[in-house]
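Below you'll find the structure, written out as structure tokens, and then a few comments.
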Amino acid sequence: MLHADYAILGAGALGSVLGAHLARAGHTVVLLARGARAEQVEREGITLRGLSEFTLAVRVLREPSALGKARVLIVATKTPGTAQALAALRHAAIDTALSIQNGPGKNDLLAQAFGRECVLGALADTSAELLAGGDVLFTRNVNISIGELPAGSSERVERIAREIDVAGVRCAASAQVLSLEWSKFCAWTGLMAVSVTTRLPTWKFLVDPDSALVIVRLVRETVQLAQALGIAVSDESVLPIASIAGESEQSAVDRVGAIGERYRSSAPDHRMSSLQDLERGRPLEVHETLGYAVGKAAEFGLELPRLGAFYHLVAALDPAREVRRA
């Protein structure tokens with residue numbers, strides 16, 4: 001049975017970025033992957049371009065049953081199919097597990113698989129794109145935040161954050177990680193919905209006053225849900241969520257537009273991962289993100305009409321919808 005310092009579930013863009021950097025830093029790393037991507041990494045290693053430029057061989061594990069122990073499990077797959085993937089790892093001795101996936105349901109899935117005491121909160125304000133040829137374009141290296149749930153830090157949090165940061169992917173411990181996760185989720189609902197319906201690069205839909213207004217209204221509805229759950233939001237996110245929720249609508253639109261101008265100058269080619277998935281015919285994370293919000297709102301009797309409308313619209317665009325109908 002294989003033992004590793006870091007087991008990374010998923011060899012897509014962010015999984016590859018983390019795996020390659022941690023392996024280069026001297027940690028024992030295994031990528032849990034399958035299909036053509038697993039074969040490609042086995043044959044060619046991982047090639048990073050953009051903010052990092054190197055190629056490195058990283059061990060790939062196709063059969064989850066072969067993993068015996070991991071000090072840290074990082075879930076870096078898309079959200080569809082996560083429960084099944086984690087079920088195949090329940091036999092392994094996992095000291096600490098964290099997920100950088102989108103959507104608030106990820107921590108509950110980890111807790112069901114490995115026990116709540118093993119789970120850390122985490123979120124990534126980091127971007128990369130798996131290119132058609134297999135190289136990974138590393139485009140944004142802002143921060144990965146990790147912390148104890150629902151709040152607080154610890155020695156294990158500090159150690160993991162330090163190891164990832166020293167390896168070259170910016171990472172920091174946070175004592176308010178649940179608040180940060182929900183602040184990111186509030187931003188994600190608006191950005192994801194508008195990215196796949198406009199199919200524009202990120203800066204273009206942020207600077208447009210009409211699409212920026214849609215984002216602001218979607219964000220504000222998601223903040224209502226966070227408040228119903230007793231979770232405070234902050235400005236420490238890709239969008240300043242607390243400010244957007246508390247100021248006038250026009251001020252919020254102007255704030256979103258200003259962020260778009262920064263993207264225009266610093267990352268003009270940036271596209272949301274959801275748009276990348278749509279263009280490549282991959283399943284969208286619509287049910288685990290927008291659908292999660294709509295379902296939770298129903299539990300609390302909240303009326304979130306814009307989120308509900310965009311949930312159904314994006315679900316209609318989901319490439320996986322055609323698969324289910326076939």
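Letters A, B, ... mark the chains of the structure tokens in the order given; residue numbers begin at 1 per chain; ligand numbers begin at 1, in order shown.
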From the DSSP assignment of the backbone, select every residue of range 153-241 of chain A that is helix (DSSP H, G or I), and format the answer as a ChimeraX atom specification. /A:155-167,177-198,202-207,209-228,241
Write out, as CSV, each residue of range 72-99 of chain A that has an atom at most 12 Å from range 145-157 of chain A, together with the closest pair of atoms and their distance in Å to one decimal, counting only C-alpha atoms, rows going by chain and rising number.
```
residue,atom,partner,partner_atom,distance
A:Val72,CA,A:Arg156,CA,9.9
A:Ile74,CA,A:Ile146,CA,11.2
A:Asp95,CA,A:Arg156,CA,9.9
A:Thr96,CA,A:Arg156,CA,8.4
A:Ala97,CA,A:Ile146,CA,10.8
A:Leu98,CA,A:Ile146,CA,8.2
A:Ser99,CA,A:Ile146,CA,9.5
```
Can those selected residues be exported to a file as a PDB file, in the first residue's frame so that it contains N, CA and C atoms?
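Here's the written file result01.pdb:
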```pdb
ATOM      1  N   VAL A  72      -1.919  14.347   4.071  1.00  0.00           N
ATOM      2  CA  VAL A  72      -2.881  15.354   3.629  1.00  0.00           C
ATOM      3  C   VAL A  72      -3.527  14.883   2.332  1.00  0.00           C
ATOM      4  N   ILE A  74      -5.878  16.372  -0.627  1.00  0.00           N
ATOM      5  CA  ILE A  74      -6.441  17.594  -1.201  1.00  0.00           C
ATOM      6  C   ILE A  74      -7.372  17.195  -2.339  1.00  0.00           C
ATOM      7  N   ASP A  95      -4.870  11.597   7.500  1.00  0.00           N
ATOM      8  CA  ASP A  95      -4.708  12.424   8.693  1.00  0.00           C
ATOM      9  C   ASP A  95      -5.529  13.713   8.589  1.00  0.00           C
ATOM     10  N   THR A  96      -5.418  14.382   7.447  1.00  0.00           N
ATOM     11  CA  THR A  96      -6.107  15.659   7.242  1.00  0.00           C
ATOM     12  C   THR A  96      -6.634  15.707   5.818  1.00  0.00           C
ATOM     13  N   ALA A  97      -7.855  16.168   5.659  1.00  0.00           N
ATOM     14  CA  ALA A  97      -8.455  16.283   4.331  1.00  0.00           C
ATOM     15  C   ALA A  97      -8.998  17.697   4.142  1.00  0.00           C
ATOM     16  N   LEU A  98      -8.807  18.225   2.952  1.00  0.00           N
ATOM     17  CA  LEU A  98      -9.346  19.537   2.614  1.00  0.00           C
ATOM     18  C   LEU A  98      -9.724  19.557   1.137  1.00  0.00           C
ATOM     19  N   SER A  99     -10.637  20.440   0.789  1.00  0.00           N
ATOM     20  CA  SER A  99     -11.119  20.532  -0.587  1.00  0.00           C
ATOM     21  C   SER A  99     -11.043  21.975  -1.060  1.00  0.00           C
TER      22      SER A  99
END
```
Go ahead and compute the interatomic distance for CA of Glu63 in chain A and CA of His27 in chain A, in Å to one decimal. 20.8 Å
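Rounded to one decimal, CA of Thr47 in chain A and CA of His3 in chain A lie 24.3 Å from each other.
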DSSP-assigned strand (DSSP E or B) among range 129-184 of chain A, expressed as a count of residues only: 17
Excluding range 228-234 of chain A and its own-chain neighbours fewer than 3 positions away, which residues fall within 12 Å of it when counting only C-alpha atoms? Please give them as a PDB file with C-alpha atoms, in the first residue's frame.
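Wrote result25.pdb, looks like this:
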```
ATOM      1  CA  PRO A 104     -20.256  24.799   0.414  1.00  0.00           C
ATOM      2  CA  PRO A 150     -15.878  26.621  11.656  1.00  0.00           C
ATOM      3  CA  ALA A 151     -13.083  28.950  12.802  1.00  0.00           C
ATOM      4  CA  GLN A 176     -12.138  32.599   9.708  1.00  0.00           C
ATOM      5  CA  VAL A 177     -12.126  30.082   6.894  1.00  0.00           C
ATOM      6  CA  LEU A 178     -15.877  29.366   6.880  1.00  0.00           C
ATOM      7  CA  SER A 179     -16.576  33.066   6.391  1.00  0.00           C
ATOM      8  CA  LEU A 180     -14.042  33.122   3.558  1.00  0.00           C
ATOM      9  CA  GLU A 181     -15.556  30.024   1.948  1.00  0.00           C
ATOM     10  CA  TRP A 182     -18.995  31.604   1.928  1.00  0.00           C
ATOM     11  CA  SER A 183     -17.663  34.950   0.721  1.00  0.00           C
ATOM     12  CA  LYS A 184     -16.099  33.134  -2.214  1.00  0.00           C
ATOM     13  CA  PHE A 185     -19.334  31.219  -2.803  1.00  0.00           C
ATOM     14  CA  CYS A 186     -21.342  34.454  -2.888  1.00  0.00           C
ATOM     15  CA  ALA A 187     -18.986  35.725  -5.583  1.00  0.00           C
ATOM     16  CA  VAL A 219     -24.394  38.126  -5.000  1.00  0.00           C
ATOM     17  CA  ARG A 220     -26.873  39.930  -2.772  1.00  0.00           C
ATOM     18  CA  GLU A 221     -29.318  37.038  -2.892  1.00  0.00           C
ATOM     19  CA  THR A 222     -26.574  34.584  -1.918  1.00  0.00           C
ATOM     20  CA  VAL A 223     -25.565  36.836   0.971  1.00  0.00           C
ATOM     21  CA  GLN A 224     -29.155  36.583   2.242  1.00  0.00           C
ATOM     22  CA  LEU A 225     -28.665  32.820   2.419  1.00  0.00           C
ATOM     23  CA  SER A 237     -12.758  37.449  -1.810  1.00  0.00           C
ATOM     24  CA  VAL A 238     -12.423  37.820  -5.548  1.00  0.00           C
ATOM     25  CA  LEU A 239     -15.295  40.305  -5.165  1.00  0.00           C
ATOM     26  CA  PRO A 240     -15.701  42.501  -2.038  1.00  0.00           C
ATOM     27  CA  ILE A 241     -18.846  40.749  -0.888  1.00  0.00           C
ATOM     28  CA  ALA A 242     -19.577  42.656   2.327  1.00  0.00           C
ATOM     29  CA  SER A 243     -19.283  45.982   0.538  1.00  0.00           C
ATOM     30  CA  ILE A 244     -21.411  44.859  -2.405  1.00  0.00           C
ATOM     31  CA  ALA A 245     -24.107  43.679   0.014  1.00  0.00           C
ATOM     32  CA  GLY A 246     -24.104  46.869   2.067  1.00  0.00           C
ATOM     33  CA  ALA A 293     -28.052  27.655  -2.868  1.00  0.00           C
ATOM     34  CA  LYS A 296     -30.845  25.663   1.038  1.00  0.00           C
ATOM     35  CA  ALA A 297     -32.976  28.740   0.420  1.00  0.00           C
ATOM     36  CA  ALA A 298     -36.045  26.525   0.148  1.00  0.00           C
ATOM     37  CA  GLU A 299     -35.206  24.966   3.532  1.00  0.00           C
ATOM     38  CA  PHE A 300     -35.233  28.428   5.115  1.00  0.00           C
ATOM     39  CA  GLY A 301     -38.256  29.702   3.202  1.00  0.00           C
ATOM     40  CA  LEU A 302     -36.155  32.340   1.413  1.00  0.00           C
ATOM     41  CA  GLU A 303     -37.257  33.778  -1.903  1.00  0.00           C
TER      42      GLU A 303
END
```
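The environment of Tyr6 in chain A within 9 Å, counting only C-alpha atoms and disregarding residues fewer than 6 places along the same chain, consists of Gly19, Leu22, Ala23, His27, Thr28, Val29, Val30, Leu31, Ala70, Arg71, Val72, Leu73 and Ile74 of chain A.
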The selected residues should be written to file as an mmCIF file, in the first residue's frame (atoms: C-alpha atoms).
```
data_model
loop_
_atom_site.group_PDB
_atom_site.id
_atom_site.type_symbol
_atom_site.label_atom_id
_atom_site.label_comp_id
_atom_site.auth_asym_id
_atom_site.auth_seq_id
_atom_site.Cartn_x
_atom_site.Cartn_y
_atom_site.Cartn_z
ATOM 1 C CA GLY A 19 1.021 18.361 -7.253
ATOM 2 C CA LEU A 22 4.752 20.120 -3.884
ATOM 3 C CA ALA A 23 6.679 17.332 -5.603
ATOM 4 C CA HIS A 27 7.277 16.095 -0.735
ATOM 5 C CA THR A 28 6.024 12.618 -1.570
ATOM 6 C CA VAL A 29 3.064 13.313 -3.846
ATOM 7 C CA VAL A 30 0.596 11.044 -5.583
ATOM 8 C CA LEU A 31 -2.062 12.183 -8.038
ATOM 9 C CA ALA A 70 -1.756 10.159 3.295
ATOM 10 C CA ARG A 71 -0.819 12.907 5.700
ATOM 11 C CA VAL A 72 -2.881 15.354 3.629
ATOM 12 C CA LEU A 73 -5.602 14.649 1.060
ATOM 13 C CA ILE A 74 -6.441 17.594 -1.201
#
```
Range 190-200 of chain A surroundings by only C-alpha atoms, 8 Å radius, close-in-sequence under 2 positions cut, as a PDB file with C-alpha atoms, in the first residue's frame:
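Listing of part_16.pdb after writing:
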```
ATOM      1  CA  CYS A 186     -21.342  34.454  -2.888  1.00  0.00           C
ATOM      2  CA  ALA A 187     -18.986  35.725  -5.583  1.00  0.00           C
ATOM      3  CA  TRP A 188     -19.008  32.395  -7.419  1.00  0.00           C
ATOM      4  CA  THR A 202     -13.895  37.667 -17.250  1.00  0.00           C
ATOM      5  CA  LYS A 204     -15.529  41.926 -20.338  1.00  0.00           C
ATOM      6  CA  PHE A 205     -18.548  40.859 -18.330  1.00  0.00           C
ATOM      7  CA  SER A 211     -23.856  42.118 -16.636  1.00  0.00           C
ATOM      8  CA  VAL A 214     -26.790  40.943 -12.708  1.00  0.00           C
ATOM      9  CA  ILE A 215     -23.723  39.844 -10.722  1.00  0.00           C
ATOM     10  CA  VAL A 216     -24.500  42.318  -7.943  1.00  0.00           C
ATOM     11  CA  ARG A 217     -28.082  41.106  -7.623  1.00  0.00           C
ATOM     12  CA  LEU A 218     -27.065  37.429  -7.601  1.00  0.00           C
ATOM     13  CA  VAL A 219     -24.394  38.126  -5.000  1.00  0.00           C
ATOM     14  CA  ARG A 271     -11.918  32.930 -18.239  1.00  0.00           C
ATOM     15  CA  MET A 272     -13.914  31.334 -15.480  1.00  0.00           C
ATOM     16  CA  SER A 274     -17.078  27.138 -15.662  1.00  0.00           C
ATOM     17  CA  LEU A 275     -16.769  28.746 -19.103  1.00  0.00           C
ATOM     18  CA  LEU A 278     -18.800  24.626 -21.111  1.00  0.00           C
ATOM     19  CA  PHE A 310     -30.170  31.312 -13.353  1.00  0.00           C
ATOM     20  CA  TYR A 311     -29.959  27.845 -11.811  1.00  0.00           C
ATOM     21  CA  VAL A 314     -27.383  27.248 -16.528  1.00  0.00           C
TER      22      VAL A 314
END
```
Using only C-alpha atoms, which of the listed residues (A:Ala87, A:Ala172, A:Val256, A:Leu2) sits closest to Leu213 in chain A? A:Val256
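In this structure, CA of Leu284 in chain A sits 19.5 Å away from CA of Asn107 in chain A.
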What's around Leu86 in chain A at 8 Å? Count only C-alpha atoms, leave out sequence neighbours fewer than 3 positions away in its own chain, and write the answer as a tab-separated table (two decimals) with C-alpha atoms, in the first residue's frame.
```
chain	number	residue	atom	x	y	z
A	82	THR	CA	-17.18	13.71	-5.50
A	83	ALA	CA	-19.13	11.46	-3.13
A	89	LEU	CA	-10.83	6.21	-0.45
A	90	ARG	CA	-12.58	5.46	2.84
A	109	LEU	CA	-18.75	15.13	1.98
A	110	LEU	CA	-15.24	14.95	3.45
A	113	ALA	CA	-15.91	9.92	4.35
```
List the spatial neighbours of Val41 in chain A as a ChimeraX atom specification - criterion: any atom at most 12 Å away, only C-alpha atoms, same-chain residues fewer than 5 positions off excluded. /A:10-12,15-16,19-20,30-36,46-48,55-62,133-136
Write the selection just made, keeping C-alpha atoms, as a compact mmCIF listing (two decimals), in the first residue's frame?
```
# COMPACT_ATOMS: atom_id res chain seq x y z
CA GLY A 10 -7.73 15.11 -9.49
CA ALA A 11 -5.04 15.86 -12.07
CA GLY A 12 -6.80 18.77 -13.73
CA GLY A 15 -4.51 19.55 -8.97
CA SER A 16 -1.60 19.56 -11.40
CA GLY A 19 1.02 18.36 -7.25
CA ALA A 20 3.90 19.59 -9.39
CA VAL A 30 0.60 11.04 -5.58
CA LEU A 31 -2.06 12.18 -8.04
CA LEU A 32 -5.27 10.16 -7.99
CA ALA A 33 -6.41 10.26 -11.59
CA ARG A 34 -7.87 8.11 -14.33
CA GLY A 35 -8.48 7.90 -18.06
CA ALA A 36 -6.55 9.81 -20.68
CA ILE A 46 3.21 17.64 -15.69
CA THR A 47 4.21 20.68 -17.73
CA LEU A 48 3.38 24.06 -16.26
CA THR A 55 8.07 19.90 -16.36
CA LEU A 56 8.14 17.29 -13.61
CA ALA A 57 7.31 13.61 -13.26
CA VAL A 58 4.65 13.08 -10.58
CA ARG A 59 3.43 9.67 -9.51
CA VAL A 60 -0.09 8.78 -10.66
CA LEU A 61 -2.35 6.32 -8.89
CA ARG A 62 -5.20 4.97 -11.01
CA GLY A 133 -2.37 19.50 -25.46
CA GLY A 134 -2.09 18.61 -21.77
CA ASP A 135 0.07 21.50 -20.54
CA VAL A 136 -1.30 23.57 -17.65
```
